[in-house]
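Q: Below: one structure in structure tokens.
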Amino acid sequence: MHGWEWRGLRSCLTTFVILATAFFGSKARADIGVVIADPTTIGYSSYTQAGHSLVYLSGVCPISPIQARLCEPGEQGSIVTTYPHFREAQPYAWNIAPLSIYLQGLPDPETRLLYASPNVKDALQKEARHHFLQPVCGAGDCPDVQHSYWRDLVAATADRDVFVYAVRTTRAQDQVIVDWLNTDPNVNHYHGMTNNCAVFTRTLVNMIFPHSVHRDFLNDLGMMGPKAAARSFTHWAVKHTELGFYSLHFAQQPGEIPRSGLARSGTETAIHTKKYLIPAALIGDHEVAGSFFVAYFLTGRFGLYKEYLHHSRPSFATSEQATDTPQASPDMVQPVSLMNPPAPAMTLAKVPDATSEQALLTRYQAFAAAEEIPQGKKGKMPIEFAKAQVTVDSDGNPWIEIEANNLTRRVGITSANVLAPGSDPELAFEFMLGRVECMIHAKNHGREDPSALQDDWLLLQQAYDRLQPAQPAGGLSVIAARR
């Protein structure tokens with residue numbers, strides 16, 4: 001077959017896949033997406049600022065970290081990725097983890113982590129190692145050393161921002177991914193330049209949508225980079241409107257862990273990082289520095305948060321109602337999409353409109369200015385949280401335990417247990433006051449989704465109301481006096 005004939009046939013096949021996806025996607029749909037996690041200060045990211053690339057699969061769920069299956073109705077999906085070395089029982093190339101474990105470190109997809117510290121992240125990682133990662137960790141593997149990459153599969157939002165750029169898939173396409181994962185030898189051959197996390201993402205996504213992910217040869221100096229994967233996939237997906245492209249952002253949790261950096265391409269890192277740019281200028285190699293500027297500004301500009309704002313959707317329910325949704329059957333299972341979270345069990349008239357951040361800020365300022373709220377406690381996380389002991393209950397939810405005056409005070413730090421019976425009412429209120437303050441004034445990457453802000457406000461109001469029956473006439477000022 002001549003080259004031009006093969007190219008024509010391949011183009012026809014690609015078009016067929018896209019049209020088939022558009023036709024069958026409305027009958028039984030899921031999502032596949034390129035995920036990029038901002039860089040931390042550990043490992044290669046401290047030098048390259050490249051971040052990490054993963055794949056989101058809403059219709060594929062893990063049997064174990066190295067086995068996959070199609071999701072059942074109501075399940076949230078998973079992420080799958082590769083690392084240099086997971087430090088598990090064998091040198092696996094990739095692991096697949098439930099989305100809630102990866103993002104929050106929590107087994108319940110409907111529960112949100114509200115605070116992060118090194119102790120919190122460590123406790124959640126150990127809990128996941130004991131339960132979900134047990135099949136690949138055994139008794140003596142998955143060590144507690146800092147550079148064990150199994151840790152990066154748990155509670156990613158504790159120390160970094162995570163962005164998802166996704167399109168719709170069909171159940172048949174998800175089955176292709178499941179079959180590939182379950183038949184892949186899964187032996188680690190990681191190489192930072194030729195077989196890294198972004199190369200893995202490209203391989204997996206291009207299996208379903210050929211040529212949708214590719215490298216940025218000019219800006220990543222010939223390598224495949226995480227940001228190039230997100231950029232190329234976004235540009236491709238925007239052209240295929242029938243696939244329902246969307247983007248999501250999961251902000252780093254407030255707490256005692258430094259803010260993550262911003263994922264960058266190679267030339268972008270060079271022009272934004274003084275330790276690279278200044279030596280080049282001092283040496284006098286202006287041509288190299290100048291070429292980095294030209295390459296980035298001409299072909300490499302891609303803002304993760306900016307693209308998220310352009311393509312974000314606050315709720316999947318609206319667009320789903322516009323399509324005909326058939327009754328579920330064994331052949332047509334519709335997993336829960338990231339864009340389709342369960343509706344809140346209750347609403348409160350005091351909750352401001354989630355679409356109006358200014359309304360929320362105004363309401364919060366009036367709330368925090370109330371005389372009965374201690375001045376020194378407004379908008380600050382309890383300082384005792386930083387080095388407090390962290391325990392995890394049988395439901396997988398972390399608790400902060402503080403020793404004070406020979407007494408142990410406990411407070412939940414997830415949306416499921418912050419108002420639980422065993423959670424200290426005063427600490428819970430002080431904690432939620434600080435969290436809402438952080439979220440309202442966060443900039444860009446630090447901003448939560450408006451619906452999450454609304455949920456936080458509801459928890460704050462409930463924490464405040466929970467204090468009232470137990471307080472004497474002095475209200476919260478009595479609490480301040482006792483402290």
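The way I read the labels, and the way they are meant: chains A, B, ... in the order of the structure tokens, residue 1 as the first residue of every chain, and ligand 1 as the first ligand shown, with later ones counted on from there.
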Give me the residues within 10 Å of Ala404 (chain A) as a PDB file with N, CA and C atoms, in the first residue's frame, counting only C-alpha atoms and dropping any in the same chain fewer than 4 places off.

A:
```pdb
ATOM      1  N   GLU A 384      -2.630  25.171  66.320  1.00  0.00           N
ATOM      2  CA  GLU A 384      -2.316  23.856  66.882  1.00  0.00           C
ATOM      3  C   GLU A 384      -2.379  22.746  65.836  1.00  0.00           C
ATOM      4  N   THR A 408      -7.638  15.890  75.591  1.00  0.00           N
ATOM      5  CA  THR A 408      -7.494  15.658  74.155  1.00  0.00           C
ATOM      6  C   THR A 408      -8.730  16.176  73.443  1.00  0.00           C
ATOM      7  N   ARG A 409      -8.514  17.104  72.530  1.00  0.00           N
ATOM      8  CA  ARG A 409      -9.608  17.665  71.752  1.00  0.00           C
ATOM      9  C   ARG A 409      -9.480  17.159  70.319  1.00  0.00           C
TER      10      ARG A 409
END
```

Q: Which residues are near region 191-196 of chain A? Cut-off 8 Å, only C-alpha atoms, ignore same chain within fewer than 5 positions. Put them as a list of chain:residue names.

A: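 My reading of the contact set: A:Thr82, A:Tyr83, A:Pro84, A:Met223, A:Met224.
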
Q: Go through region 381-428 of chain A and flag each residue having an atom no more than 12 Å from region 244-262 of chain A; for those, report the closest pair of atoms plus their distance in Å to one decimal, using only C-alpha atoms, ordered by chain and rising number, as JSON lines.

A:
```
{"residue": "A:Met381", "atom": "CA", "partner": "A:Gly255", "partner_atom": "CA", "distance": 7.6}
{"residue": "A:Pro382", "atom": "CA", "partner": "A:Gly255", "partner_atom": "CA", "distance": 9.9}
{"residue": "A:Ile383", "atom": "CA", "partner": "A:Glu256", "partner_atom": "CA", "distance": 9.6}
{"residue": "A:Glu384", "atom": "CA", "partner": "A:Glu256", "partner_atom": "CA", "distance": 10.9}
{"residue": "A:Phe385", "atom": "CA", "partner": "A:Glu256", "partner_atom": "CA", "distance": 8.4}
{"residue": "A:Ala386", "atom": "CA", "partner": "A:Glu256", "partner_atom": "CA", "distance": 6.0}
{"residue": "A:Lys387", "atom": "CA", "partner": "A:Glu256", "partner_atom": "CA", "distance": 9.0}
{"residue": "A:Ala388", "atom": "CA", "partner": "A:Glu256", "partner_atom": "CA", "distance": 11.2}
{"residue": "A:Ile413", "atom": "CA", "partner": "A:Gly255", "partner_atom": "CA", "distance": 11.0}
{"residue": "A:Thr414", "atom": "CA", "partner": "A:Gln253", "partner_atom": "CA", "distance": 11.1}
```

Q: Of the candidates A:Ile402, A:Ala428, A:Leu99, A:Val213, which one gets nearest to Ala237 (chain A) if we count only C-alpha atoms?

A: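 Under the stated criterion, the closest residue is A:Val213.
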
Q: Please, which residues of region 58-148 of chain A, numbered as in this document, come out helix (DSSP H, G or I) from DSSP, as a ChimeraX atom specification?

A: /A:99-104,118-130,134-137

Q: Which residue gives the smallest distance to Val136 (chain A) among A:Leu114, A:Ile101, A:Cys438, A:Ile63, with only C-alpha atoms counted?

A: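 Distance minimum relative to Val136 (chain A) lands on A:Ile63.
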
Q: Figure out the distance between CA of Gln76 (chain A) and CA of Pro109 (chain A), please, to one decimal in Å.

A: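 Those two atoms sit 7.0 Å apart.
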
Q: Using only C-alpha atoms, find the one residue out of A:Gly77, A:Gly412, A:Gly303, A:Pro398 that sits nearest to Ala123 (chain A).

A: A:Pro398

Q: Restricting the calculation to only C-alpha atoms: of A:Leu453, A:Ala442, A:Leu106, A:Val176, which residue gets closest to Arg69 (chain A)?

A: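 Distance minimum relative to Arg69 (chain A) lands on A:Val176.
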